[in-house]
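What follows is a set of notes on a single structure, which appears directly below.
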Amino acid sequence: GNRMRSVTGCMRSACGASTLLMLLLSTEAVNGGKTNPLLPSSLRGLPSLLPKHALPKTVHKQACYFDKLRAAYCAPRGEHIVFMGDSITRYQWLAMVASFHHGSEMSESEFPSLANENEWLNWKHFFKSEVERFAPNLRCDCYRQGNLSFVIENTYFWMPNRSLNMTYIQVFGVNRPLIGTWAPGPFSNDSYREVHERYQPRWELTWKEAIINVVKPLQPPPTVLVLNTGLWQGLPSTNYALDLLKAAEAAAPRVLWKTTTHPRNDSSR
């Protein structure tokens, strides 16, 4: 049977962080001080920028946030969620990060919004605002200038008490390489761990190679790996998908393929 679970996707204007999180993590509704489980806890364990031996032995606080209906969404302690996908996946990842960081679901009225790069001066301003808004708990291995030939976007977030880590690695379809300047590890050279002034990548990998060489070594180990190609270059071939699945299952205990809803005015689909 299918080993990679498929999650129906949506455009960013129609999908909040909580919608996707309900498919990934345990969820609890808070009513009168009591908690009632809505979904079973299914995940245990995410990327840290510190080596394994430097992580705290215990985590004392669970990462949670409330939506506008006062329902609480909580991630099991020590969770590590990795997203690999297009810009819609990025915005969903950022919405989830913002919700956990602030303790309440990201507002649709926020301006300028991290869910819309067009509300910022340029890509550099957008990336730097990510870092500043979640400082000191986010690192952005990021650069973007001109066309898609000069793009790096790999972002790492962790809660202050290390109860939750989240990673986003950009994917522009199955035929484009994944590009980066550094991979998580000890803070030996912080000059690489910031939004870049110049395009100077240090690695260029296929999607499968990035899962093996960048995602799998993350510490603590990833517990959930969400894959998505969005509207870029169509779906992978069967052989490509099987190779990708094999690498993904070796990197995380739970693998999900997130589809993307096409715009209503897209007559080509």
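Letters A, B, ... go to the chains of the structure tokens in the order shown; residues in each chain start at 1; ligands are counted from 1 in the same order.
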Close residues, segment 108-124 of chain A itself excluded, 12 Å, only C-alpha atoms, min 5 positions apart in chain, as a VMD selection string: chain A and resid 11 to 17 67 to 68 87 to 99 129 to 134 140 to 147 150 to 153 194 to 198
Ile81 of chain A environment, 7 Å, only C-alpha atoms, sequence neighbours closer than 6 positions dropped, as a short mmCIF file (atom, residue, chain, number, x, y, z; two decimals) with N, CA, C and O atoms, in the first residue's frame:
```
data_model
loop_
_atom_site.label_atom_id
_atom_site.label_comp_id
_atom_site.auth_asym_id
_atom_site.auth_seq_id
_atom_site.Cartn_x
_atom_site.Cartn_y
_atom_site.Cartn_z
N LEU A 46 13.07 17.42 16.16
CA LEU A 46 13.15 18.36 15.11
C LEU A 46 14.46 19.05 14.79
O LEU A 46 15.36 18.78 15.47
N ASN A 165 11.29 22.44 17.11
CA ASN A 165 12.15 22.96 16.05
C ASN A 165 11.43 22.77 14.72
O ASN A 165 10.70 21.79 14.54
N MET A 166 11.64 23.70 13.79
CA MET A 166 11.02 23.62 12.47
C MET A 166 12.02 24.08 11.41
O MET A 166 12.74 25.05 11.62
N THR A 167 12.03 23.39 10.28
CA THR A 167 12.94 23.72 9.18
C THR A 167 12.15 23.85 7.88
O THR A 167 11.22 23.08 7.65
N PRO A 222 14.73 14.67 12.54
CA PRO A 222 13.38 15.03 12.10
C PRO A 222 12.37 13.93 12.44
O PRO A 222 12.69 12.75 12.36
N THR A 223 11.18 14.36 12.83
CA THR A 223 10.10 13.41 13.12
C THR A 223 9.04 13.42 12.03
O THR A 223 8.31 12.46 11.86
N VAL A 224 8.92 14.53 11.33
CA VAL A 224 7.96 14.65 10.24
C VAL A 224 8.64 15.34 9.07
O VAL A 224 9.32 16.35 9.24
N LEU A 225 8.45 14.79 7.88
CA LEU A 225 9.01 15.38 6.67
C LEU A 225 7.86 15.59 5.69
O LEU A 225 7.23 14.64 5.24
#
```
If I take atom CA of Leu242 of chain A and atom CA of Pro217 of chain A, how far is one from the other in Å, to one decimal?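 Between atom CA of Leu242 of chain A and atom CA of Pro217 of chain A the gap is 20.9 Å.
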For a quick check of understanding, using only C-alpha atoms, which of A:Phe83, A:Phe66, A:Tyr168, A:Tyr73 has the smallest distance to Trp257 of chain A?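 For Trp257 of chain A, the nearest of the given residues is A:Phe83.
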Using only C-alpha atoms for the distances, tell me which of A:Glu209, A:Ser104, A:Asn154, A:Asp243 is nearest to Phe127 of chain A. A:Asn154
Can you pull out the residues contacting Gln62 of chain A? Cut-off 7 Å, using only C-alpha atoms, and skip same-chain residues under 2 positions away; I want them as an mmCIF file with all heavy atoms, in the first residue's frame.
```cif
data_model
loop_
_atom_site.group_PDB
_atom_site.id
_atom_site.type_symbol
_atom_site.label_atom_id
_atom_site.label_comp_id
_atom_site.auth_asym_id
_atom_site.auth_seq_id
_atom_site.Cartn_x
_atom_site.Cartn_y
_atom_site.Cartn_z
ATOM 1 N N HIS A 60 11.047 21.398 29.320
ATOM 2 C CA HIS A 60 10.075 21.561 30.387
ATOM 3 C C HIS A 60 8.739 22.120 29.926
ATOM 4 O O HIS A 60 7.785 22.123 30.688
ATOM 5 C CB HIS A 60 10.652 22.478 31.469
ATOM 6 C CG HIS A 60 11.925 21.964 32.055
ATOM 7 N ND1 HIS A 60 11.965 20.856 32.869
ATOM 8 C CD2 HIS A 60 13.207 22.373 31.914
ATOM 9 C CE1 HIS A 60 13.224 20.615 33.232
ATOM 10 N NE2 HIS A 60 13.982 21.521 32.666
ATOM 11 N N CYS A 64 2.650 25.420 22.278
ATOM 12 C CA CYS A 64 1.221 25.499 21.969
ATOM 13 C C CYS A 64 0.864 26.894 21.479
ATOM 14 O O CYS A 64 1.567 27.867 21.746
ATOM 15 C CB CYS A 64 0.361 25.205 23.204
ATOM 16 S SG CYS A 64 0.533 23.548 23.905
ATOM 17 N N CYS A 74 -1.135 22.012 20.051
ATOM 18 C CA CYS A 74 0.114 21.729 20.749
ATOM 19 C C CYS A 74 0.944 20.693 20.004
ATOM 20 O O CYS A 74 0.399 19.736 19.440
ATOM 21 C CB CYS A 74 -0.164 21.221 22.162
ATOM 22 S SG CYS A 74 -1.033 22.413 23.220
ATOM 23 N N ALA A 75 2.244 20.886 20.023
ATOM 24 C CA ALA A 75 3.172 19.916 19.451
ATOM 25 C C ALA A 75 3.809 19.129 20.589
ATOM 26 O O ALA A 75 4.192 19.706 21.614
ATOM 27 C CB ALA A 75 4.255 20.629 18.647
ATOM 28 N N PRO A 76 3.930 17.828 20.449
ATOM 29 C CA PRO A 76 4.629 17.051 21.480
ATOM 30 C C PRO A 76 6.029 17.611 21.701
ATOM 31 O O PRO A 76 6.676 18.088 20.771
ATOM 32 C CB PRO A 76 4.668 15.639 20.877
ATOM 33 C CG PRO A 76 3.498 15.596 19.950
ATOM 34 C CD PRO A 76 3.412 16.968 19.375
ATOM 35 N N ARG A 77 6.496 17.551 22.931
ATOM 36 C CA ARG A 77 7.814 18.096 23.247
ATOM 37 C C ARG A 77 8.912 17.402 22.439
ATOM 38 O O ARG A 77 8.910 16.183 22.289
ATOM 39 C CB ARG A 77 8.095 17.948 24.744
ATOM 40 C CG ARG A 77 7.277 18.914 25.595
ATOM 41 C CD ARG A 77 7.617 18.790 27.063
ATOM 42 N NE ARG A 77 7.151 17.512 27.620
ATOM 43 C CZ ARG A 77 7.292 17.165 28.891
ATOM 44 N NH1 ARG A 77 7.907 17.988 29.726
ATOM 45 N NH2 ARG A 77 6.840 16.014 29.320
ATOM 46 N N SER A 163 11.624 23.068 22.845
ATOM 47 C CA SER A 163 10.516 22.119 22.836
ATOM 48 C C SER A 163 10.030 21.841 21.421
ATOM 49 O O SER A 163 9.326 20.855 21.185
ATOM 50 C CB SER A 163 9.349 22.661 23.674
ATOM 51 O OG SER A 163 8.869 23.878 23.123
#
```
Selected residue of minimal separation from Trp203 of chain A among A:Pro220, A:Ala247, A:Ile179, A:Glu79, counting only C-alpha atoms: A:Ile179
Just asking: which residues within segment 32-245 of chain A are alpha helix (DSSP H) according to DSSP, as a PyMOL selection string? chain A and resi 87-102+123-133+207-210+238-245
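Closest approach to Phe157 of chain A from the set A:Arg254, A:Lys216, A:His80, A:Arg70 is made by A:His80, with distances taken over only C-alpha atoms.
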In terms of the shortest atom-to-atom distance over only C-alpha atoms, which of A:Gly230, A:Val82, A:Asn161, A:His101 is closest to Ala251 of chain A?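 Ranking A:Gly230, A:Val82, A:Asn161, A:His101 by distance to Ala251 of chain A, first place goes to A:Val82.
Each of A:Ile212, A:Leu245, A:Met159, A:Leu218 was checked against Pro136 of chain A using only C-alpha atoms; the smallest atom-to-atom distance is that of A:Met159.
Relative to atom CA of Leu235 of chain A, atom CA of Thr259 of chain A is found at 9.5 Å.
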